[in-house]
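Note: the block below is upload_36.cif and it holds mmCIF, N, CA and C atoms.
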```cif
data_final
loop_
_atom_site.group_PDB
_atom_site.id
_atom_site.type_symbol
_atom_site.label_atom_id
_atom_site.label_comp_id
_atom_site.auth_asym_id
_atom_site.auth_seq_id
_atom_site.Cartn_x
_atom_site.Cartn_y
_atom_site.Cartn_z
ATOM 1 N N MET A 1 -2.975 -3.443 2.752
ATOM 2 C CA MET A 1 -2.084 -4.351 2.071
ATOM 3 C C MET A 1 -0.712 -4.287 2.730
ATOM 4 N N TYR A 2 -0.133 -5.440 2.953
ATOM 5 C CA TYR A 2 1.165 -5.499 3.589
ATOM 6 C C TYR A 2 2.274 -5.115 2.616
ATOM 7 N N LYS A 3 3.358 -4.596 3.180
ATOM 8 C CA LYS A 3 4.492 -4.164 2.378
ATOM 9 C C LYS A 3 5.745 -4.922 2.801
ATOM 10 N N ILE A 4 6.816 -4.749 1.997
ATOM 11 C CA ILE A 4 8.099 -5.367 2.278
ATOM 12 C C ILE A 4 9.147 -4.268 2.372
ATOM 13 N N ALA A 5 9.977 -4.341 3.405
ATOM 14 C CA ALA A 5 11.057 -3.367 3.604
ATOM 15 C C ALA A 5 12.400 -4.078 3.561
ATOM 16 N N VAL A 6 13.424 -3.330 3.200
ATOM 17 C CA VAL A 6 14.790 -3.838 3.189
ATOM 18 C C VAL A 6 15.666 -2.828 3.920
ATOM 19 N N MET A 7 16.437 -3.298 4.895
ATOM 20 C CA MET A 7 17.328 -2.442 5.685
ATOM 21 C C MET A 7 18.770 -2.870 5.488
ATOM 22 N N GLY A 8 19.664 -1.892 5.375
ATOM 23 C CA GLY A 8 21.083 -2.206 5.282
ATOM 24 C C GLY A 8 21.857 -1.075 4.654
ATOM 25 N N ASP A 9 23.104 -1.361 4.320
ATOM 26 C CA ASP A 9 23.925 -0.344 3.668
ATOM 27 C C ASP A 9 23.433 -0.152 2.229
ATOM 28 N N TRP A 10 23.630 1.035 1.703
ATOM 29 C CA TRP A 10 23.062 1.411 0.418
ATOM 30 C C TRP A 10 23.496 0.486 -0.723
ATOM 31 N N ASP A 11 24.754 0.121 -0.779
ATOM 32 C CA ASP A 11 25.242 -0.730 -1.859
ATOM 33 C C ASP A 11 24.563 -2.098 -1.862
ATOM 34 N N SER A 12 24.151 -2.573 -0.704
ATOM 35 C CA SER A 12 23.519 -3.886 -0.595
ATOM 36 C C SER A 12 22.030 -3.867 -0.901
ATOM 37 N N ILE A 13 21.370 -2.714 -0.724
ATOM 38 C CA ILE A 13 19.901 -2.724 -0.790
ATOM 39 C C ILE A 13 19.280 -1.932 -1.934
ATOM 40 N N TYR A 14 20.052 -1.069 -2.606
ATOM 41 C CA TYR A 14 19.413 -0.160 -3.561
ATOM 42 C C TYR A 14 18.674 -0.883 -4.682
ATOM 43 N N GLY A 15 19.124 -2.059 -5.079
ATOM 44 C CA GLY A 15 18.463 -2.798 -6.156
ATOM 45 C C GLY A 15 17.073 -3.299 -5.792
ATOM 46 N N PHE A 16 16.791 -3.468 -4.514
ATOM 47 C CA PHE A 16 15.487 -3.956 -4.091
ATOM 48 C C PHE A 16 14.375 -2.946 -4.373
ATOM 49 N N GLY A 17 14.735 -1.680 -4.464
ATOM 50 C CA GLY A 17 13.747 -0.654 -4.786
ATOM 51 C C GLY A 17 13.121 -0.881 -6.152
ATOM 52 N N ALA A 18 13.892 -1.400 -7.088
ATOM 53 C CA ALA A 18 13.376 -1.684 -8.428
ATOM 54 C C ALA A 18 12.330 -2.792 -8.413
ATOM 55 N N LEU A 19 12.328 -3.590 -7.351
ATOM 56 C CA LEU A 19 11.353 -4.669 -7.216
ATOM 57 C C LEU A 19 10.109 -4.223 -6.457
ATOM 58 N N GLY A 20 10.044 -2.951 -6.112
ATOM 59 C CA GLY A 20 8.879 -2.424 -5.413
ATOM 60 C C GLY A 20 8.958 -2.486 -3.902
ATOM 61 N N MET A 21 10.113 -2.838 -3.387
ATOM 62 C CA MET A 21 10.283 -2.893 -1.936
ATOM 63 C C MET A 21 10.746 -1.531 -1.430
ATOM 64 N N ASP A 22 10.371 -1.228 -0.202
ATOM 65 C CA ASP A 22 10.812 0.019 0.423
ATOM 66 C C ASP A 22 12.203 -0.197 1.004
ATOM 67 N N THR A 23 13.158 0.644 0.630
ATOM 68 C CA THR A 23 14.536 0.494 1.103
ATOM 69 C C THR A 23 14.845 1.542 2.159
ATOM 70 N N TYR A 24 15.566 1.106 3.184
ATOM 71 C CA TYR A 24 15.953 1.980 4.285
ATOM 72 C C TYR A 24 17.442 1.822 4.522
ATOM 73 N N ARG A 25 18.164 2.860 4.157
ATOM 74 C CA ARG A 25 19.614 2.871 4.326
ATOM 75 C C ARG A 25 19.945 3.154 5.788
ATOM 76 N N THR A 26 20.794 2.328 6.357
ATOM 77 C CA THR A 26 21.213 2.531 7.743
ATOM 78 C C THR A 26 22.725 2.429 7.827
ATOM 79 N N ASP A 27 23.296 3.212 8.678
ATOM 80 C CA ASP A 27 24.740 3.237 8.880
ATOM 81 C C ASP A 27 25.114 2.137 9.859
ATOM 82 N N MET A 28 26.077 1.326 9.505
ATOM 83 C CA MET A 28 26.504 0.220 10.359
ATOM 84 C C MET A 28 27.071 0.700 11.693
ATOM 85 N N GLN A 29 27.528 1.926 11.744
ATOM 86 C CA GLN A 29 28.112 2.464 12.973
ATOM 87 C C GLN A 29 27.042 2.892 13.973
ATOM 88 N N GLU A 30 25.817 3.035 13.522
ATOM 89 C CA GLU A 30 24.730 3.536 14.374
ATOM 90 C C GLU A 30 23.716 2.433 14.664
ATOM 91 N N SER A 31 24.089 1.471 15.505
ATOM 92 C CA SER A 31 23.192 0.353 15.784
ATOM 93 C C SER A 31 21.930 0.805 16.511
ATOM 94 N N GLU A 32 22.026 1.852 17.341
ATOM 95 C CA GLU A 32 20.832 2.351 18.038
ATOM 96 C C GLU A 32 19.834 2.932 17.043
ATOM 97 N N GLU A 33 20.340 3.593 16.017
ATOM 98 C CA GLU A 33 19.473 4.130 14.961
ATOM 99 C C GLU A 33 18.792 2.986 14.217
ATOM 100 N N ALA A 34 19.531 1.918 13.948
ATOM 101 C CA ALA A 34 18.973 0.763 13.250
ATOM 102 C C ALA A 34 17.892 0.086 14.095
ATOM 103 N N VAL A 35 18.102 -0.016 15.388
ATOM 104 C CA VAL A 35 17.098 -0.612 16.283
ATOM 105 C C VAL A 35 15.824 0.227 16.257
ATOM 106 N N ARG A 36 15.965 1.545 16.333
ATOM 107 C CA ARG A 36 14.782 2.422 16.288
ATOM 108 C C ARG A 36 14.042 2.274 14.962
ATOM 109 N N LEU A 37 14.794 2.193 13.864
ATOM 110 C CA LEU A 37 14.177 2.032 12.555
ATOM 111 C C LEU A 37 13.435 0.702 12.464
ATOM 112 N N LEU A 38 14.056 -0.381 12.925
ATOM 113 C CA LEU A 38 13.399 -1.696 12.880
ATOM 114 C C LEU A 38 12.119 -1.690 13.698
ATOM 115 N N ARG A 39 12.149 -1.100 14.869
ATOM 116 C CA ARG A 39 10.936 -1.026 15.700
ATOM 117 C C ARG A 39 9.840 -0.211 15.011
ATOM 118 N N ARG A 40 10.249 0.884 14.367
ATOM 119 C CA ARG A 40 9.262 1.710 13.659
ATOM 120 C C ARG A 40 8.645 0.946 12.502
ATOM 121 N N LEU A 41 9.458 0.250 11.725
ATOM 122 C CA LEU A 41 8.942 -0.517 10.590
ATOM 123 C C LEU A 41 8.057 -1.666 11.057
ATOM 124 N N ALA A 42 8.448 -2.332 12.143
ATOM 125 C CA ALA A 42 7.664 -3.445 12.667
ATOM 126 C C ALA A 42 6.297 -2.973 13.149
ATOM 127 N N GLY A 43 6.196 -1.734 13.584
ATOM 128 C CA GLY A 43 4.927 -1.183 14.045
ATOM 129 C C GLY A 43 4.031 -0.722 12.914
ATOM 130 N N GLN A 44 4.558 -0.691 11.706
ATOM 131 C CA GLN A 44 3.765 -0.279 10.553
ATOM 132 C C GLN A 44 3.216 -1.517 9.845
ATOM 133 N N GLU A 45 2.832 -1.377 8.604
ATOM 134 C CA GLU A 45 2.195 -2.468 7.881
ATOM 135 C C GLU A 45 3.170 -3.305 7.052
ATOM 136 N N TYR A 46 4.341 -3.561 7.590
ATOM 137 C CA TYR A 46 5.321 -4.402 6.913
ATOM 138 C C TYR A 46 5.171 -5.842 7.379
ATOM 139 N N ALA A 47 4.956 -6.752 6.441
ATOM 140 C CA ALA A 47 4.845 -8.172 6.762
ATOM 141 C C ALA A 47 6.211 -8.836 6.761
ATOM 142 N N VAL A 48 7.120 -8.320 5.919
ATOM 143 C CA VAL A 48 8.464 -8.874 5.801
ATOM 144 C C VAL A 48 9.458 -7.727 5.835
ATOM 145 N N ILE A 49 10.507 -7.897 6.639
ATOM 146 C CA ILE A 49 11.591 -6.918 6.682
ATOM 147 C C ILE A 49 12.885 -7.684 6.461
ATOM 148 N N TYR A 50 13.536 -7.422 5.329
ATOM 149 C CA TYR A 50 14.840 -8.001 5.045
ATOM 150 C C TYR A 50 15.904 -7.122 5.698
ATOM 151 N N VAL A 51 16.852 -7.750 6.355
ATOM 152 C CA VAL A 51 17.940 -7.034 7.025
ATOM 153 C C VAL A 51 19.248 -7.682 6.596
ATOM 154 N N THR A 52 20.222 -6.879 6.204
ATOM 155 C CA THR A 52 21.512 -7.459 5.830
ATOM 156 C C THR A 52 22.151 -8.129 7.042
ATOM 157 N N GLU A 53 22.904 -9.181 6.778
ATOM 158 C CA GLU A 53 23.540 -9.934 7.861
ATOM 159 C C GLU A 53 24.467 -9.052 8.689
ATOM 160 N N ALA A 54 25.184 -8.152 8.035
ATOM 161 C CA ALA A 54 26.107 -7.269 8.756
ATOM 162 C C ALA A 54 25.348 -6.354 9.713
ATOM 163 N N LEU A 55 24.217 -5.837 9.272
ATOM 164 C CA LEU A 55 23.421 -4.974 10.140
ATOM 165 C C LEU A 55 22.796 -5.780 11.276
ATOM 166 N N ALA A 56 22.308 -6.964 10.972
ATOM 167 C CA ALA A 56 21.709 -7.820 12.002
ATOM 168 C C ALA A 56 22.723 -8.177 13.082
ATOM 169 N N ALA A 57 23.991 -8.302 12.700
ATOM 170 C CA ALA A 57 25.038 -8.614 13.676
ATOM 171 C C ALA A 57 25.218 -7.485 14.687
ATOM 172 N N GLN A 58 24.808 -6.275 14.329
ATOM 173 C CA GLN A 58 24.913 -5.122 15.224
ATOM 174 C C GLN A 58 23.767 -5.060 16.238
ATOM 175 N N MET A 59 22.687 -5.839 15.986
ATOM 176 C CA MET A 59 21.526 -5.786 16.877
ATOM 177 C C MET A 59 20.880 -7.168 17.042
ATOM 178 N N PRO A 60 21.644 -8.150 17.509
ATOM 179 C CA PRO A 60 21.118 -9.519 17.606
ATOM 180 C C PRO A 60 19.939 -9.665 18.556
ATOM 181 N N GLU A 61 19.939 -8.929 19.669
ATOM 182 C CA GLU A 61 18.837 -9.048 20.622
ATOM 183 C C GLU A 61 17.527 -8.559 20.002
ATOM 184 N N GLU A 62 17.605 -7.505 19.221
ATOM 185 C CA GLU A 62 16.408 -6.952 18.590
ATOM 186 C C GLU A 62 15.869 -7.904 17.521
ATOM 187 N N ILE A 63 16.751 -8.514 16.757
ATOM 188 C CA ILE A 63 16.332 -9.485 15.747
ATOM 189 C C ILE A 63 15.660 -10.679 16.433
ATOM 190 N N GLU A 64 16.262 -11.149 17.502
ATOM 191 C CA GLU A 64 15.724 -12.302 18.239
ATOM 192 C C GLU A 64 14.332 -11.996 18.805
ATOM 193 N N ARG A 65 14.106 -10.774 19.168
ATOM 194 C CA ARG A 65 12.819 -10.354 19.735
ATOM 195 C C ARG A 65 11.650 -10.637 18.787
ATOM 196 N N TYR A 66 11.901 -10.563 17.491
ATOM 197 C CA TYR A 66 10.833 -10.754 16.505
ATOM 198 C C TYR A 66 10.732 -12.191 15.988
ATOM 199 N N ARG A 67 11.626 -13.092 16.420
ATOM 200 C CA ARG A 67 11.613 -14.466 15.916
ATOM 201 C C ARG A 67 10.332 -15.222 16.240
ATOM 202 N N THR A 68 9.764 -14.980 17.392
ATOM 203 C CA THR A 68 8.578 -15.739 17.801
ATOM 204 C C THR A 68 7.273 -15.046 17.434
ATOM 205 N N GLN A 69 7.362 -13.882 16.868
ATOM 206 C CA GLN A 69 6.154 -13.161 16.474
ATOM 207 C C GLN A 69 5.783 -13.518 15.039
ATOM 208 N N PRO A 70 4.490 -13.643 14.767
ATOM 209 C CA PRO A 70 4.082 -14.010 13.408
ATOM 210 C C PRO A 70 4.349 -12.914 12.373
ATOM 211 N N SER A 71 4.356 -11.685 12.811
ATOM 212 C CA SER A 71 4.567 -10.592 11.862
ATOM 213 C C SER A 71 5.245 -9.442 12.580
ATOM 214 N N PRO A 72 6.207 -8.827 11.993
ATOM 215 C CA PRO A 72 6.772 -9.074 10.673
ATOM 216 C C PRO A 72 7.798 -10.200 10.720
ATOM 217 N N ALA A 73 7.999 -10.825 9.574
ATOM 218 C CA ALA A 73 9.061 -11.813 9.434
ATOM 219 C C ALA A 73 10.352 -11.055 9.164
ATOM 220 N N ILE A 74 11.362 -11.279 9.978
ATOM 221 C CA ILE A 74 12.667 -10.650 9.788
ATOM 222 C C ILE A 74 13.556 -11.682 9.103
ATOM 223 N N ILE A 75 13.973 -11.378 7.886
ATOM 224 C CA ILE A 75 14.769 -12.302 7.080
ATOM 225 C C ILE A 75 16.156 -11.698 6.869
ATOM 226 N N LEU A 76 17.184 -12.451 7.207
ATOM 227 C CA LEU A 76 18.554 -11.979 7.018
ATOM 228 C C LEU A 76 19.021 -12.304 5.603
ATOM 229 N N ILE A 77 19.647 -11.328 4.965
ATOM 230 C CA ILE A 77 20.153 -11.504 3.605
ATOM 231 C C ILE A 77 21.625 -11.116 3.561
ATOM 232 N N PRO A 78 22.397 -11.716 2.660
ATOM 233 C CA PRO A 78 23.804 -11.319 2.542
ATOM 234 C C PRO A 78 23.915 -9.892 2.026
ATOM 235 N N GLY A 79 24.942 -9.218 2.425
ATOM 236 C CA GLY A 79 25.199 -7.867 1.945
ATOM 237 C C GLY A 79 26.197 -7.886 0.812
ATOM 238 N N ILE A 80 26.604 -6.717 0.407
ATOM 239 C CA ILE A 80 27.547 -6.570 -0.701
ATOM 240 C C ILE A 80 28.900 -7.205 -0.370
ATOM 241 N N ALA A 81 29.253 -7.263 0.905
ATOM 242 C CA ALA A 81 30.547 -7.818 1.323
ATOM 243 C C ALA A 81 30.571 -9.340 1.270
ATOM 244 N N GLY A 82 29.414 -9.962 1.128
ATOM 245 C CA GLY A 82 29.364 -11.416 1.029
ATOM 246 C C GLY A 82 28.514 -12.050 2.115
ATOM 247 N N ASN A 83 28.415 -13.343 2.037
ATOM 248 C CA ASN A 83 27.589 -14.130 2.932
ATOM 249 C C ASN A 83 28.380 -14.497 4.182
ATOM 250 N N THR A 84 27.803 -14.213 5.352
ATOM 251 C CA THR A 84 28.456 -14.589 6.610
ATOM 252 C C THR A 84 27.932 -15.920 7.143
ATOM 253 N N GLY A 85 26.844 -16.409 6.579
ATOM 254 C CA GLY A 85 26.252 -17.659 7.042
ATOM 255 C C GLY A 85 25.177 -17.464 8.094
ATOM 256 N N GLU A 86 25.023 -16.251 8.600
ATOM 257 C CA GLU A 86 24.026 -15.990 9.648
ATOM 258 C C GLU A 86 22.596 -16.177 9.134
ATOM 259 N N GLY A 87 22.364 -15.803 7.904
ATOM 260 C CA GLY A 87 21.025 -15.955 7.325
ATOM 261 C C GLY A 87 20.611 -17.417 7.242
ATOM 262 N N MET A 88 21.525 -18.271 6.772
ATOM 263 C CA MET A 88 21.230 -19.702 6.686
ATOM 264 C C MET A 88 21.085 -20.318 8.073
ATOM 265 N N ALA A 89 21.892 -19.876 9.013
ATOM 266 C CA ALA A 89 21.789 -20.388 10.384
ATOM 267 C C ALA A 89 20.431 -20.040 10.978
ATOM 268 N N ALA A 90 19.958 -18.818 10.726
ATOM 269 C CA ALA A 90 18.645 -18.405 11.224
ATOM 270 C C ALA A 90 17.536 -19.212 10.555
ATOM 271 N N LEU A 91 17.689 -19.498 9.268
ATOM 272 C CA LEU A 91 16.696 -20.298 8.556
ATOM 273 C C LEU A 91 16.646 -21.711 9.120
ATOM 274 N N HIS A 92 17.801 -22.327 9.348
ATOM 275 C CA HIS A 92 17.847 -23.664 9.937
ATOM 276 C C HIS A 92 17.182 -23.680 11.309
ATOM 277 N N LYS A 93 17.447 -22.651 12.106
ATOM 278 C CA LYS A 93 16.867 -22.567 13.448
ATOM 279 C C LYS A 93 15.343 -22.451 13.380
ATOM 280 N N SER A 94 14.846 -21.648 12.453
ATOM 281 C CA SER A 94 13.402 -21.476 12.309
ATOM 282 C C SER A 94 12.725 -22.758 11.829
ATOM 283 N N VAL A 95 13.340 -23.434 10.869
ATOM 284 C CA VAL A 95 12.778 -24.684 10.359
ATOM 285 C C VAL A 95 12.768 -25.745 11.459
ATOM 286 N N GLU A 96 13.846 -25.831 12.208
ATOM 287 C CA GLU A 96 13.909 -26.804 13.295
ATOM 288 C C GLU A 96 12.845 -26.527 14.350
ATOM 289 N N GLN A 97 12.618 -25.263 14.639
ATOM 290 C CA GLN A 97 11.594 -24.901 15.615
ATOM 291 C C GLN A 97 10.205 -25.246 15.099
ATOM 292 N N ALA A 98 9.957 -25.018 13.815
ATOM 293 C CA ALA A 98 8.628 -25.259 13.250
ATOM 294 C C ALA A 98 8.344 -26.735 13.038
ATOM 295 N N VAL A 99 9.338 -27.495 12.587
ATOM 296 C CA VAL A 99 9.137 -28.886 12.187
ATOM 297 C C VAL A 99 9.536 -29.865 13.297
ATOM 298 N N GLY A 100 10.478 -29.478 14.106
ATOM 299 C CA GLY A 100 10.953 -30.359 15.176
ATOM 300 C C GLY A 100 12.311 -30.955 14.899
ATOM 301 N N SER A 101 12.773 -30.833 13.647
ATOM 302 C CA SER A 101 14.124 -31.272 13.298
ATOM 303 C C SER A 101 14.584 -30.459 12.096
ATOM 304 N N ASP A 102 15.890 -30.407 11.913
ATOM 305 C CA ASP A 102 16.440 -29.625 10.822
ATOM 306 C C ASP A 102 16.410 -30.457 9.552
ATOM 307 N N ILE A 103 15.400 -30.259 8.729
ATOM 308 C CA ILE A 103 15.237 -31.043 7.502
ATOM 309 C C ILE A 103 16.040 -30.459 6.337
ATOM 310 N N LEU A 104 16.727 -29.333 6.554
ATOM 311 C CA LEU A 104 17.484 -28.704 5.501
ATOM 312 C C LEU A 104 18.911 -29.224 5.369
ATOM 313 N N LYS A 105 19.392 -29.946 6.373
ATOM 314 C CA LYS A 105 20.773 -30.441 6.331
ATOM 315 C C LYS A 105 20.853 -31.675 5.475
#
```
For the file at hand, write its structure as structure tokens.
Amino acid sequence: MYKIAVMGDWDSIYGFGALGMDTYRTDMQESEEAVRLLRRLAGQEYAVIYVTEALAAQMPEEIERYRTQPSPAIILIPGIAGNTGEGMAALHKSVEQAVGSDILK
């Protein structure tokens, strides 16, 4: 059975544990640690990995690496500091790639 993981700073992700998701606290200062964690989770049975926008900004190449793969789906979510717009931009890009035009605008 596939699982769902959430990566980011503790204040942004701790509530997801109550929903049955596996939470992984990562320090924003340690982008190499976050890349290793994402690779480890992607190699396990996670179908969806939520990553806070702030953390994703620290490792854009790694996030992009998983965009064309069917699994796991890497979904950007706003953190406690607020929405940066990166999550919506990634969603628009994915929809445009799948459909051929941005139907969300």
Just want the 7 Å neighbourhood of Pro72 (chain A), counted on only N, CA and C atoms, with same-chain residues fewer than 4 positions away dropped. Output as a list in words.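 Surrounding residues, per the criterion: Ala42, Tyr46, Ala47, Val48, Ile49 and Tyr66 of chain A.
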Near region 5-9 of chain A, counting only C-alpha atoms, which residues have an atom at most 12 Å away, once you skip same-chain residues fewer than 6 positions from it, shown as an MDAnalysis selection string? chainID A and resid 15:31 33:42 44:58 72:81
For the atom pair atom N of Ser71 (chain A) and CA of Glu32 (chain A), what is the interatomic distance in Å to one decimal place?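 Separation of atom N of Ser71 (chain A) and CA of Glu32 (chain A): 22.3 Å.
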Strand (DSSP E or B) positions in region 2-60 of chain A, given as a ChimeraX atom specification: /A:3-8,22-25,46-52
Each side padded by 3 Å, which centre and which edge lengths in Å (one decimal) define the axis-aligned box around the listed atoms of region 6-16 of chain A? Give them as lines of an AutoDock Vina configuration file.
```
center_x = 19.3
center_y = -1.3
center_z = -0.2
size_x = 17.8
size_y = 11.4
size_z = 17.8
```
